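Asks: Provided herewith: final_13.cif, mmCIF, C-alpha atoms.
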```
data_structure
loop_
_atom_site.label_atom_id
_atom_site.label_comp_id
_atom_site.auth_asym_id
_atom_site.auth_seq_id
_atom_site.Cartn_x
_atom_site.Cartn_y
_atom_site.Cartn_z
CA MET A 1412 -16.65 -7.77 15.57
CA ALA A 1413 -19.37 -7.23 12.97
CA GLU A 1414 -19.86 -3.83 11.41
CA SER A 1415 -23.40 -2.51 11.02
CA ILE A 1416 -23.05 1.10 9.89
CA ALA A 1417 -25.00 1.79 6.69
CA ARG A 1418 -22.85 3.34 3.95
CA ASP A 1419 -23.07 4.02 0.24
CA ARG A 1420 -21.54 1.64 -2.29
CA SER A 1421 -17.78 1.86 -1.97
CA LYS A 1422 -15.79 3.90 -4.47
CA PHE A 1423 -13.21 1.12 -4.19
CA LEU A 1424 -15.61 -0.95 -6.32
CA ALA A 1425 -16.26 1.74 -8.92
CA PRO A 1426 -15.05 0.94 -12.45
CA PHE A 1427 -11.54 2.28 -13.01
CA LYS A 1428 -11.09 3.88 -16.44
CA LEU A 1429 -7.45 4.12 -17.46
CA GLU A 1430 -6.08 6.52 -20.02
CA GLY A 1431 -6.37 4.84 -23.38
CA GLY A 1432 -9.95 3.75 -22.71
CA VAL A 1433 -9.46 0.45 -20.87
CA VAL A 1434 -11.88 0.06 -17.96
CA LEU A 1435 -10.83 -2.15 -15.04
CA PRO A 1436 -13.63 -3.66 -12.92
CA ASP A 1437 -12.62 -1.96 -9.65
CA ARG A 1438 -9.77 -0.47 -7.59
CA VAL A 1439 -8.82 -3.52 -5.47
CA PHE A 1440 -5.47 -4.88 -6.65
CA PRO A 1441 -2.76 -7.31 -5.61
CA ALA A 1442 0.47 -5.38 -5.13
CA PRO A 1443 3.42 -6.07 -7.44
CA MET A 1444 5.44 -8.28 -5.09
CA GLU A 1445 8.72 -9.56 -6.50
CA GLY A 1446 9.39 -13.16 -5.50
CA VAL A 1447 5.79 -13.69 -4.37
CA LEU A 1448 3.71 -13.30 -7.53
CA SER A 1449 5.13 -16.47 -9.06
CA PRO A 1450 3.37 -18.29 -11.91
CA LEU A 1451 2.02 -20.77 -9.35
CA PHE A 1452 0.62 -18.14 -6.97
CA CYS A 1453 -0.84 -16.00 -9.76
CA HIS A 1454 -2.47 -18.90 -11.58
CA ALA A 1455 -3.94 -20.16 -8.31
CA LEU A 1456 -5.38 -16.73 -7.51
CA ALA A 1457 -6.75 -16.35 -11.03
CA GLN A 1458 -8.37 -19.80 -11.04
CA LYS A 1459 -10.12 -18.89 -7.79
CA HIS A 1460 -11.28 -15.62 -9.42
CA TYR A 1461 -9.74 -13.60 -6.59
CA VAL A 1462 -7.98 -11.20 -8.98
CA LYS A 1463 -9.44 -8.96 -11.69
CA ALA A 1464 -6.28 -7.20 -12.94
CA TRP A 1465 -2.53 -7.38 -12.33
CA ILE A 1466 0.22 -4.89 -11.65
CA SER A 1467 3.32 -6.92 -12.42
CA PRO A 1468 6.33 -7.29 -10.12
CA PHE A 1469 8.90 -4.76 -11.25
CA VAL A 1470 10.88 -5.47 -14.40
CA ARG A 1471 14.42 -4.12 -14.13
CA VAL A 1472 15.49 -1.96 -17.06
CA SER A 1473 19.28 -2.20 -17.01
CA ASN A 1474 21.87 -0.23 -18.93
CA GLY A 1475 22.42 -1.21 -22.54
CA GLY A 1476 20.04 -1.67 -25.43
CA PRO A 1477 16.40 -2.62 -24.93
CA PRO A 1478 15.71 -6.36 -24.68
CA ARG A 1479 14.18 -8.29 -27.57
CA MET A 1480 10.43 -8.65 -27.77
CA SER A 1481 10.68 -12.36 -27.02
CA ARG A 1482 12.37 -11.64 -23.68
CA ILE A 1483 9.97 -8.81 -22.90
CA ARG A 1484 6.97 -11.04 -23.49
CA LYS A 1485 8.51 -13.87 -21.46
CA GLU A 1486 8.84 -11.61 -18.37
CA ILE A 1487 5.07 -11.32 -18.06
CA SER A 1488 3.83 -14.39 -19.93
CA TYR A 1489 2.54 -16.05 -16.75
CA LEU A 1490 0.33 -13.02 -16.04
CA LEU A 1491 -0.94 -12.78 -19.62
CA GLU A 1492 -1.86 -16.49 -19.47
CA THR A 1493 -4.53 -15.67 -16.87
CA GLY A 1494 -6.41 -13.60 -19.45
CA LEU A 1495 -6.60 -10.62 -17.09
CA PRO A 1496 -5.44 -7.06 -17.87
CA VAL A 1497 -1.81 -6.35 -16.94
CA VAL A 1498 -0.17 -3.07 -15.91
CA VAL A 1499 3.58 -3.62 -16.27
CA GLN A 1500 5.77 -2.10 -13.58
CA LEU A 1501 9.22 -0.94 -14.66
CA MET A 1502 12.21 0.14 -12.60
CA GLY A 1503 15.36 1.85 -13.83
CA VAL A 1504 17.24 5.13 -14.11
CA ASP A 1505 17.68 5.75 -17.87
CA PRO A 1506 14.63 7.74 -19.03
CA ASP A 1507 15.12 7.10 -22.75
CA LEU A 1508 15.75 3.38 -22.34
CA ILE A 1509 12.80 2.98 -19.97
CA ALA A 1510 10.52 4.82 -22.41
CA GLU A 1511 11.61 2.50 -25.24
CA VAL A 1512 11.01 -0.60 -23.13
CA ALA A 1513 7.63 0.78 -22.01
CA SER A 1514 6.55 1.33 -25.63
CA ARG A 1515 7.47 -2.28 -26.45
CA TYR A 1516 5.45 -3.67 -23.57
CA LEU A 1517 2.44 -1.65 -24.66
CA CYS A 1518 2.54 -3.40 -28.04
CA ILE A 1519 1.63 -6.67 -26.31
CA GLU A 1520 -2.05 -7.58 -26.24
CA GLY A 1521 -3.30 -7.60 -22.67
CA VAL A 1522 -0.91 -4.92 -21.41
CA VAL A 1523 -3.04 -1.91 -20.51
CA GLY A 1524 -0.55 0.46 -18.87
CA ILE A 1525 2.89 1.13 -17.45
CA ASN A 1526 3.66 1.77 -13.79
CA PHE A 1527 7.01 3.05 -12.49
CA ASN A 1528 8.52 1.76 -9.28
CA PHE A 1529 9.86 4.71 -7.28
CA ALA A 1530 9.21 2.93 -3.98
CA CYS A 1531 11.37 -0.18 -3.53
CA PRO A 1532 13.34 0.21 -0.24
CA SER A 1533 15.83 -2.60 -0.96
CA LYS A 1534 19.33 -1.43 -0.05
CA ARG A 1535 20.73 -3.01 -3.18
CA VAL A 1536 18.20 -1.20 -5.38
CA VAL A 1537 18.66 2.12 -3.57
CA MET A 1538 22.44 1.93 -3.88
CA ARG A 1539 22.00 1.76 -7.65
CA GLY A 1540 19.88 4.92 -7.65
CA ALA A 1541 16.68 3.11 -8.63
CA GLY A 1542 13.41 2.33 -6.84
CA GLY A 1543 12.99 4.32 -3.65
CA SER A 1544 16.23 6.21 -4.30
CA CYS A 1545 14.37 8.18 -6.97
CA MET A 1546 12.45 9.91 -4.16
CA GLN A 1547 15.68 11.87 -3.64
CA ASN A 1548 15.71 12.89 -7.29
CA PRO A 1549 12.32 14.29 -8.36
CA ALA A 1550 13.89 15.67 -11.54
CA LEU A 1551 14.70 12.13 -12.65
CA MET A 1552 11.18 10.95 -11.81
CA LYS A 1553 9.76 13.78 -13.88
CA LYS A 1554 12.02 13.01 -16.83
CA ILE A 1555 11.10 9.31 -16.77
CA ILE A 1556 7.37 10.07 -16.84
CA GLU A 1557 7.76 12.73 -19.54
CA ARG A 1558 9.82 10.46 -21.81
CA CYS A 1559 7.38 7.63 -21.36
CA LYS A 1560 4.34 9.81 -22.05
CA SER A 1561 5.97 11.06 -25.25
CA ARG A 1562 6.60 7.49 -26.46
CA CYS A 1563 3.40 5.84 -25.24
CA GLY A 1564 0.81 8.29 -26.51
CA ASP A 1565 -2.51 8.14 -24.70
CA LYS A 1566 -1.76 4.92 -22.79
CA SER A 1567 -1.90 4.83 -18.99
CA VAL A 1568 1.35 5.79 -17.26
CA SER A 1569 1.42 5.72 -13.45
CA ALA A 1570 3.76 5.57 -10.46
CA LYS A 1571 4.22 3.77 -7.17
CA ILE A 1572 5.98 5.85 -4.52
CA ARG A 1573 6.51 6.15 -0.79
CA THR A 1574 5.68 9.24 1.25
CA GLY A 1575 9.31 10.24 1.09
CA PHE A 1576 12.87 9.03 1.22
CA SER A 1577 13.65 10.07 4.79
CA ARG A 1578 10.70 12.38 5.68
CA PRO A 1579 6.99 11.66 5.10
CA ASP A 1580 6.29 15.19 3.88
CA GLU A 1581 8.60 14.91 0.87
CA CYS A 1582 5.77 13.50 -1.25
CA LEU A 1583 3.74 16.68 -0.86
CA GLU A 1584 5.84 18.34 -3.56
CA ILE A 1585 6.50 15.21 -5.62
CA LEU A 1586 2.86 14.18 -6.04
CA PRO A 1587 1.65 17.39 -7.74
CA MET A 1588 4.65 17.17 -10.08
CA LEU A 1589 3.79 13.59 -11.06
CA ARG A 1590 0.15 14.55 -11.59
CA ASP A 1591 1.04 17.55 -13.73
CA VAL A 1592 3.41 15.62 -16.03
CA GLY A 1593 0.68 13.13 -16.82
CA CYS A 1594 0.54 10.29 -14.30
CA ASP A 1595 -2.79 8.54 -14.73
CA PHE A 1596 -2.90 7.30 -11.13
CA VAL A 1597 -0.56 6.85 -8.21
CA ALA A 1598 -0.07 4.18 -5.54
CA VAL A 1599 1.44 5.41 -2.28
CA HIS A 1600 3.04 3.39 0.51
CA HIS A 1601 2.69 5.36 3.73
CA ARG A 1602 6.23 4.68 5.02
CA THR A 1603 9.37 6.41 3.85
CA VAL A 1604 12.12 4.51 2.10
CA THR A 1605 14.41 4.64 5.12
CA GLU A 1606 11.63 3.36 7.38
CA GLY A 1607 11.48 0.18 5.31
CA TYR A 1608 8.87 -2.01 6.98
CA ALA A 1609 9.06 -0.55 10.49
CA ALA A 1610 5.88 0.11 12.46
CA CYS A 1611 4.16 3.36 11.54
CA PRO A 1612 1.25 4.52 13.75
CA ASP A 1613 0.16 7.51 11.64
CA ARG A 1614 -0.63 5.80 8.34
CA LEU A 1615 -4.01 7.47 7.83
CA ARG A 1616 -2.73 10.98 8.54
CA ARG A 1617 0.16 10.56 6.12
CA LEU A 1618 -2.08 9.20 3.38
CA GLU A 1619 -4.69 11.92 3.89
CA LYS A 1620 -2.06 14.62 3.41
CA ALA A 1621 -0.66 12.83 0.37
CA LYS A 1622 -4.13 12.50 -1.17
CA GLN A 1623 -4.76 16.22 -0.69
CA ALA A 1624 -1.50 17.02 -2.45
CA TRP A 1625 -2.32 14.63 -5.31
CA GLY A 1626 -5.80 15.93 -6.08
CA GLU A 1627 -8.75 14.29 -7.84
CA LYS A 1628 -7.06 11.57 -9.88
CA THR A 1629 -7.13 7.99 -8.61
CA PHE A 1630 -5.01 7.43 -5.50
CA LEU A 1631 -4.31 3.88 -4.29
CA ALA A 1632 -3.09 3.11 -0.78
CA SER A 1633 -0.54 0.40 -0.06
CA GLY A 1634 1.11 -1.00 3.04
CA ASP A 1635 -0.09 -2.82 6.19
CA ILE A 1636 -3.33 -4.10 4.67
CA PHE A 1637 -3.67 -7.44 6.44
CA GLY A 1638 -7.41 -7.85 6.87
CA ILE A 1639 -10.89 -6.53 6.16
CA GLN A 1640 -10.74 -4.07 9.05
CA ASP A 1641 -7.66 -2.40 7.56
CA ILE A 1642 -9.49 -1.96 4.26
CA LEU A 1643 -12.58 -0.53 5.96
CA GLU A 1644 -10.46 1.95 7.92
CA LEU A 1645 -8.87 3.18 4.70
CA GLU A 1646 -12.26 3.46 3.00
CA GLN A 1647 -13.86 5.31 5.92
CA SER A 1648 -10.99 7.79 6.18
CA SER A 1649 -11.40 8.92 2.53
CA CYS A 1650 -7.61 8.95 2.23
CA CYS A 1651 -7.64 6.88 -0.97
CA ASP A 1652 -9.74 5.67 -3.88
CA GLY A 1653 -8.63 2.05 -3.78
CA VAL A 1654 -6.10 -0.37 -2.34
CA MET A 1655 -3.08 -2.36 -3.42
CA ILE A 1656 -2.64 -5.35 -1.10
CA ALA A 1657 0.82 -6.84 -0.59
CA ARG A 1658 1.93 -8.95 2.39
CA GLY A 1659 -1.66 -9.35 3.60
CA LEU A 1660 -2.35 -11.37 0.47
CA ILE A 1661 0.30 -13.94 1.42
CA ARG A 1662 -1.36 -14.58 4.77
CA LYS A 1663 -4.89 -14.39 3.43
CA PRO A 1664 -5.17 -15.01 -0.34
CA LEU A 1665 -8.96 -14.71 -0.13
CA LEU A 1666 -8.64 -11.11 1.10
CA LEU A 1667 -9.25 -9.59 -2.34
CA ALA A 1668 -12.51 -11.49 -2.78
CA GLU A 1669 -13.61 -10.88 0.81
CA ALA A 1670 -12.93 -7.16 0.40
CA ARG A 1671 -15.23 -7.00 -2.61
CA ASP A 1672 -17.97 -8.89 -0.79
CA VAL A 1673 -17.83 -6.64 2.26
CA LEU A 1674 -17.55 -3.41 0.28
CA SER A 1675 -20.56 -4.35 -1.84
CA ASP A 1676 -22.66 -4.66 1.35
CA GLU A 1677 -23.94 -1.24 2.39
CA THR A 1678 -23.72 -2.24 6.07
CA ARG A 1679 -20.12 -3.51 5.63
CA GLN A 1680 -20.94 -6.67 7.57
CA HIS A 1681 -17.88 -8.85 8.15
CA THR A 1682 -16.54 -11.45 10.54
CA GLY A 1683 -12.89 -10.51 10.50
CA ASP A 1684 -10.47 -13.42 10.28
CA LEU A 1685 -12.66 -16.11 11.85
CA HIS A 1686 -12.23 -18.33 8.80
CA GLN A 1687 -8.55 -17.63 8.22
CA ARG A 1688 -7.35 -21.16 8.99
CA GLU A 1689 -10.02 -22.83 6.87
CA GLN A 1690 -9.09 -20.54 3.98
CA ALA A 1691 -5.39 -21.35 4.42
CA PHE A 1692 -6.10 -25.07 4.11
CA GLU A 1693 -8.31 -24.56 1.07
CA PHE A 1694 -5.86 -22.34 -0.78
CA LEU A 1695 -2.77 -24.44 -0.09
CA GLU A 1696 -4.65 -27.56 -1.16
CA HIS A 1697 -5.58 -25.82 -4.42
CA VAL A 1698 -1.94 -24.75 -4.93
CA LEU A 1699 -0.62 -28.28 -4.40
CA ILE A 1700 -3.20 -29.76 -6.79
CA LEU A 1701 -2.10 -27.18 -9.35
CA CYS A 1702 1.55 -28.14 -8.74
CA SER A 1703 0.69 -31.79 -9.31
CA SER A 1704 -0.93 -30.95 -12.64
CA ASN A 1705 2.34 -29.57 -14.02
CA VAL A 1706 5.32 -30.36 -11.81
CA LYS A 1707 7.85 -29.04 -14.31
CA LEU A 1708 6.20 -25.63 -14.51
CA TYR A 1709 5.08 -25.10 -10.92
CA TRP A 1710 6.93 -27.27 -8.43
CA ASN A 1711 9.38 -25.37 -6.23
CA HIS A 1712 9.73 -26.78 -2.71
CA ARG A 1713 11.42 -23.70 -1.29
CA TYR A 1714 8.70 -21.40 -2.60
CA LEU A 1715 5.98 -23.71 -1.26
CA MET A 1716 7.54 -23.58 2.18
CA GLU A 1717 7.60 -19.78 2.11
CA LEU A 1718 3.97 -19.74 1.06
CA THR A 1719 3.01 -22.23 3.79
CA ARG A 1720 4.82 -20.16 6.39
CA GLY A 1721 2.87 -17.09 5.28
CA LEU A 1722 -0.44 -18.94 5.42
CA PHE A 1723 0.01 -20.76 8.74
CA GLY A 1724 2.94 -19.23 10.63
CA VAL A 1725 6.34 -20.64 11.47
CA GLN A 1726 5.24 -22.30 14.75
CA ASP A 1727 2.17 -23.97 13.29
CA PRO A 1728 2.13 -27.81 13.26
CA VAL A 1729 1.11 -27.79 9.58
CA PHE A 1730 4.13 -25.74 8.56
CA ARG A 1731 6.48 -27.76 10.74
CA ALA A 1732 5.17 -31.05 9.33
CA LEU A 1733 5.46 -29.97 5.70
CA THR A 1734 9.04 -28.75 6.18
CA GLN A 1735 10.02 -32.37 6.81
CA PHE A 1736 9.52 -33.10 3.12
CA LYS A 1737 12.23 -32.47 0.54
CA ASN A 1738 12.15 -31.25 -3.02
CA HIS A 1739 12.36 -34.79 -4.44
CA ASP A 1740 9.22 -35.83 -2.53
CA GLY A 1741 7.10 -33.77 -4.92
CA PRO A 1742 3.75 -32.02 -4.36
CA MET A 1743 1.59 -35.14 -3.88
CA ALA A 1744 3.38 -36.08 -0.66
CA LEU A 1745 2.75 -32.61 0.77
CA LEU A 1746 -0.85 -32.71 -0.43
CA GLU A 1747 -1.51 -36.01 1.34
CA LYS A 1748 -0.08 -34.67 4.61
CA LEU A 1749 -2.04 -31.42 4.29
CA VAL A 1750 -5.32 -33.30 3.71
CA GLU A 1751 -4.54 -35.42 6.77
CA PHE A 1752 -4.25 -32.27 8.91
CA LYS A 1753 -7.33 -30.73 7.31
CA GLN A 1754 -9.51 -33.75 7.98
CA ALA A 1755 -8.34 -33.96 11.59
CA GLU A 1756 -9.09 -30.28 12.28
CA LEU A 1757 -11.98 -29.24 10.10
CA VAL A 1758 -14.09 -32.29 9.34
#
```
Show this structure as structure tokens.

Replies:
Amino acid sequence: MAESIARDRSKFLAPFKLEGGVVLPDRVFPAPMEGVLSPLFCHALAQKHYVKAWISPFVRVSNGGPPRMSRIRKEISYLLETGLPVVVQLMGVDPDLIAEVASRYLCIEGVVGINFNFACPSKRVVMRGAGGSCMQNPALMKKIIERCKSRCGDKSVSAKIRTGFSRPDECLEILPMLRDVGCDFVAVHHRTVTEGYAACPDRLRRLEKAKQAWGEKTFLASGDIFGIQDILELEQSSCCDGVMIARGLIRKPLLLAEARDVLSDETRQHTGDLHQREQAFEFLEHVLILCSSNVKLYWNHRYLMELTRGLFGVQDPVFRALTQFKNHDGPMALLEKLVEFKQAELV
């Protein structure tokens, strides 16, 4: 249903000045999704101009000495190749080692900040005391930020958290601490770590309370952003200053660009997901053409099937037809079948 309420220009589209002086174009970001933001997906998004800056999937900082610069650069090379600014997300439990690794990343041209993952709900990660487990140990979170700030000077240092480990009010004490030790901005997922990805009906109320605890610095919302209406609800509630879109981007890669278009219109006119299927065809066709241009770099049949499932759904005839192909068939075979479906449906 179209919106027609006149509003001011969205603060989501306001320039975002990071500590250190770098100014990002706006506050609409793809979330740092491990296993999803592959070189293929990122290059496809960048070529379509859907993305204006990256927050990288988390880089694990394991025990032992810091990795060599060649390995550090390799971890994010596919993001740097897009020519867009990169905030590198780190995850670990050794404050001194993390600070050293952070300082090395910030020596790389194109890296404009460091973000710490205190949000990952993976059982494997939590068992190791990292990611979302840190929500149980605010002292460790504080020490990591302090060490990093001392090593990284005036560069942007930020955090991604959840509203708590087991209770959504736990963040109300953690957020002021993160702000006061120097976090430049924060991204908050409205669920707790133990809730994982379960349904949560009170997202806006949780985020509003978290934003009040955080204060005036930039606050990004994450979680359950699947369409334009979700973004408009977050904007209207004033519970955040921007968004970080995760799983919604898999289903609707054009969502970042659509969000900017709608938010730049003072009436917020939009047509919802009426063109979702057409966009899915267009994006997957672009991805397969990109695969064909460099099979060695991009081609991964299993990943393509996961992407197709996200775009079309597991019961869709397009997905079911493309799953009949094998890795050795290559991207051109899938592209020909996709175009056959597209012409039958859309032309």

Asks: Please evaluate the PyMOL selection byres ((chain A and resi 1500) around 12) against the displayed coordinates and give the resulting residues as a PDB file with C-alpha atoms, in the frame of the given file.

Replies:
```
ATOM      1  CA  ALA A1442       0.470  -5.380  -5.130  1.00  0.00           C
ATOM      2  CA  PRO A1443       3.420  -6.070  -7.440  1.00  0.00           C
ATOM      3  CA  MET A1444       5.440  -8.280  -5.090  1.00  0.00           C
ATOM      4  CA  GLU A1445       8.720  -9.560  -6.500  1.00  0.00           C
ATOM      5  CA  TRP A1465      -2.530  -7.380 -12.330  1.00  0.00           C
ATOM      6  CA  ILE A1466       0.220  -4.890 -11.650  1.00  0.00           C
ATOM      7  CA  SER A1467       3.320  -6.920 -12.420  1.00  0.00           C
ATOM      8  CA  PRO A1468       6.330  -7.290 -10.120  1.00  0.00           C
ATOM      9  CA  PHE A1469       8.900  -4.760 -11.250  1.00  0.00           C
ATOM     10  CA  VAL A1470      10.880  -5.470 -14.400  1.00  0.00           C
ATOM     11  CA  ARG A1471      14.420  -4.120 -14.130  1.00  0.00           C
ATOM     12  CA  VAL A1472      15.490  -1.960 -17.060  1.00  0.00           C
ATOM     13  CA  GLU A1486       8.840 -11.610 -18.370  1.00  0.00           C
ATOM     14  CA  ILE A1487       5.070 -11.320 -18.060  1.00  0.00           C
ATOM     15  CA  VAL A1497      -1.810  -6.350 -16.940  1.00  0.00           C
ATOM     16  CA  VAL A1498      -0.170  -3.070 -15.910  1.00  0.00           C
ATOM     17  CA  VAL A1499       3.580  -3.620 -16.270  1.00  0.00           C
ATOM     18  CA  LEU A1501       9.220  -0.940 -14.660  1.00  0.00           C
ATOM     19  CA  MET A1502      12.210   0.140 -12.600  1.00  0.00           C
ATOM     20  CA  GLY A1503      15.360   1.850 -13.830  1.00  0.00           C
ATOM     21  CA  ILE A1509      12.800   2.980 -19.970  1.00  0.00           C
ATOM     22  CA  VAL A1512      11.010  -0.600 -23.130  1.00  0.00           C
ATOM     23  CA  ALA A1513       7.630   0.780 -22.010  1.00  0.00           C
ATOM     24  CA  TYR A1516       5.450  -3.670 -23.570  1.00  0.00           C
ATOM     25  CA  LEU A1517       2.440  -1.650 -24.660  1.00  0.00           C
ATOM     26  CA  VAL A1522      -0.910  -4.920 -21.410  1.00  0.00           C
ATOM     27  CA  VAL A1523      -3.040  -1.910 -20.510  1.00  0.00           C
ATOM     28  CA  GLY A1524      -0.550   0.460 -18.870  1.00  0.00           C
ATOM     29  CA  ILE A1525       2.890   1.130 -17.450  1.00  0.00           C
ATOM     30  CA  ASN A1526       3.660   1.770 -13.790  1.00  0.00           C
ATOM     31  CA  PHE A1527       7.010   3.050 -12.490  1.00  0.00           C
ATOM     32  CA  ASN A1528       8.520   1.760  -9.280  1.00  0.00           C
ATOM     33  CA  PHE A1529       9.860   4.710  -7.280  1.00  0.00           C
ATOM     34  CA  ALA A1530       9.210   2.930  -3.980  1.00  0.00           C
ATOM     35  CA  CYS A1531      11.370  -0.180  -3.530  1.00  0.00           C
ATOM     36  CA  GLY A1542      13.410   2.330  -6.840  1.00  0.00           C
ATOM     37  CA  SER A1567      -1.900   4.830 -18.990  1.00  0.00           C
ATOM     38  CA  VAL A1568       1.350   5.790 -17.260  1.00  0.00           C
ATOM     39  CA  SER A1569       1.420   5.720 -13.450  1.00  0.00           C
ATOM     40  CA  ALA A1570       3.760   5.570 -10.460  1.00  0.00           C
ATOM     41  CA  LYS A1571       4.220   3.770  -7.170  1.00  0.00           C
ATOM     42  CA  ALA A1598      -0.070   4.180  -5.540  1.00  0.00           C
TER      43      ALA A1598
END
```

Asks: One number please: CA of Phe1694 (chain A) to CA of Leu1456 (chain A), in Å, one decimal.

Replies: 8.8 Å

Asks: Could you tell me, as a VMD selection string, exactly which residues end up selected when the PyMOL selection byres ((chain A and resi 1637-1646) around 8) is applied to this structure?

Replies: chain A and resid 1421 1423 1615 1632 1635 to 1636 1647 to 1654 1656 1658 to 1660 1662 to 1663 1666 1669 to 1670 1673 1681 1683 to 1684

Asks: Could you write those residues out with C-alpha atoms, as a PDB file, in the frame of the given file?

Replies:
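Final file, result04.pdb:
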```
ATOM      1  CA  SER A1421     -17.780   1.860  -1.970  1.00  0.00           C
ATOM      2  CA  PHE A1423     -13.210   1.120  -4.190  1.00  0.00           C
ATOM      3  CA  LEU A1615      -4.010   7.470   7.830  1.00  0.00           C
ATOM      4  CA  ALA A1632      -3.090   3.110  -0.780  1.00  0.00           C
ATOM      5  CA  ASP A1635      -0.090  -2.820   6.190  1.00  0.00           C
ATOM      6  CA  ILE A1636      -3.330  -4.100   4.670  1.00  0.00           C
ATOM      7  CA  GLN A1647     -13.860   5.310   5.920  1.00  0.00           C
ATOM      8  CA  SER A1648     -10.990   7.790   6.180  1.00  0.00           C
ATOM      9  CA  SER A1649     -11.400   8.920   2.530  1.00  0.00           C
ATOM     10  CA  CYS A1650      -7.610   8.950   2.230  1.00  0.00           C
ATOM     11  CA  CYS A1651      -7.640   6.880  -0.970  1.00  0.00           C
ATOM     12  CA  ASP A1652      -9.740   5.670  -3.880  1.00  0.00           C
ATOM     13  CA  GLY A1653      -8.630   2.050  -3.780  1.00  0.00           C
ATOM     14  CA  VAL A1654      -6.100  -0.370  -2.340  1.00  0.00           C
ATOM     15  CA  ILE A1656      -2.640  -5.350  -1.100  1.00  0.00           C
ATOM     16  CA  ARG A1658       1.930  -8.950   2.390  1.00  0.00           C
ATOM     17  CA  GLY A1659      -1.660  -9.350   3.600  1.00  0.00           C
ATOM     18  CA  LEU A1660      -2.350 -11.370   0.470  1.00  0.00           C
ATOM     19  CA  ARG A1662      -1.360 -14.580   4.770  1.00  0.00           C
ATOM     20  CA  LYS A1663      -4.890 -14.390   3.430  1.00  0.00           C
ATOM     21  CA  LEU A1666      -8.640 -11.110   1.100  1.00  0.00           C
ATOM     22  CA  GLU A1669     -13.610 -10.880   0.810  1.00  0.00           C
ATOM     23  CA  ALA A1670     -12.930  -7.160   0.400  1.00  0.00           C
ATOM     24  CA  VAL A1673     -17.830  -6.640   2.260  1.00  0.00           C
ATOM     25  CA  HIS A1681     -17.880  -8.850   8.150  1.00  0.00           C
ATOM     26  CA  GLY A1683     -12.890 -10.510  10.500  1.00  0.00           C
ATOM     27  CA  ASP A1684     -10.470 -13.420  10.280  1.00  0.00           C
TER      28      ASP A1684
END
```

Asks: When the PyMOL selection byres ((chain A and resi 1584-1586) around 12) is applied to the file above, which residues end up in the set, as JSON, numbers by chain?

Replies: {"A": [1529, 1545, 1546, 1547, 1548, 1549, 1550, 1551, 1552, 1553, 1569, 1570, 1571, 1572, 1573, 1574, 1575, 1576, 1579, 1580, 1581, 1582, 1583, 1587, 1588, 1589, 1590, 1591, 1592, 1593, 1594, 1595, 1596, 1597, 1598, 1599, 1618, 1620, 1621, 1622, 1623, 1624, 1625, 1626, 1627, 1628, 1630]}

Asks: Can you measure CA of Val1604 (chain A) to CA of Ser1577 (chain A) for me? One decimal in Å is fine.

Replies: 6.4 Å

Asks: What separation in Å, quoted to one decimal, exists between CA of Leu1424 (chain A) and CA of Asp1437 (chain A)?

Replies: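 Taking CA of Leu1424 (chain A) and CA of Asp1437 (chain A), their separation equals 4.6 Å.
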
Asks: Would you mind telling me which residue in A:Val1537, A:Val1439, A:Leu1733, A:Val1725 lies nearest to Val1462 (chain A) when using all atoms listed in the file?

Replies: A:Val1439

Asks: Using only C-alpha atoms, what residues lie at most 10 Å away from (2.0, -19.7, -6.5) (file coordinates), given as an MDAnalysis selection string?

Replies: chainID A and resid 1446:1456 1661 1695 1697:1699 1701:1702 1709:1711 1714:1715 1718

Asks: Just checking: using only C-alpha atoms, which residue out of A:Leu1631, A:Ala1755, A:Val1433, A:Ala1457 ends up closest to Glu1492 (chain A)?

Replies: A:Ala1457

Asks: Find the residue from A:Arg1671, A:Arg1479, A:Lys1534, A:Arg1539 that sits nearest to Lys1463 (chain A); use all atoms listed in the file when measuring.

Replies: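 Among A:Arg1671, A:Arg1479, A:Lys1534, A:Arg1539, it is A:Arg1671 that comes nearest to Lys1463 (chain A).
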
Asks: Could you check which of A:Val1504, A:Leu1491, A:Ile1519, A:Val1750 is closest to Met1538 (chain A), using only C-alpha atoms?

Replies: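 Of A:Val1504, A:Leu1491, A:Ile1519, A:Val1750, the one nearest Met1538 (chain A), counting only C-alpha atoms, is A:Val1504.
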
Asks: Contacts of region 1726-1729 of chain A at 8 Å or less, counting only C-alpha atoms, minus same-chain residues fewer than 3 places along, as a list of chain:residue names?

Replies: A:Phe1723, A:Ala1732, A:Leu1733, A:Leu1749, A:Phe1752

Asks: Using only C-alpha atoms, which residue out of A:Cys1611, A:Phe1692, A:Ile1555, A:His1686 lies closest to Glu1751 (chain A)?

Replies: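 Closest candidate: A:Phe1692.
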
Asks: Of the candidates A:Arg1602, A:Arg1562, A:Arg1616, A:Arg1688, which one gets nearest to Gly1543 (chain A) if we count only C-alpha atoms?

Replies: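 Closest to Gly1543 (chain A), using only C-alpha atoms: A:Arg1602.
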
Asks: Can you pull out every residue within 8 Å of Leu1508 (chain A), counting only C-alpha atoms, but drop anything in the same chain fewer than 6 positions away, and send it as a list in words?

Replies: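 Once the nearby chain positions are removed, what remains is Val1472, Asn1474, Gly1476 and Pro1477 of chain A.
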
Asks: Show me as a ChimeraX atom specification the residues that reach within 6 Å of (8.0, -4.0, -27.7), counting all atoms listed in the file and using the file's own coordinates.

Replies: /A:1480,1514-1516,1518

Asks: Adding 8 Å on each side of the box along x, y and z that holds all listed atoms of region 1484-1487 of chain A, could you give its centre and edge lengths in Å to one decimal, as AutoDock Vina command-line options?

Replies:
```
--center_x 7.0 --center_y -12.5 --center_z -20.8 --size_x 19.8 --size_y 18.8 --size_z 21.4
```
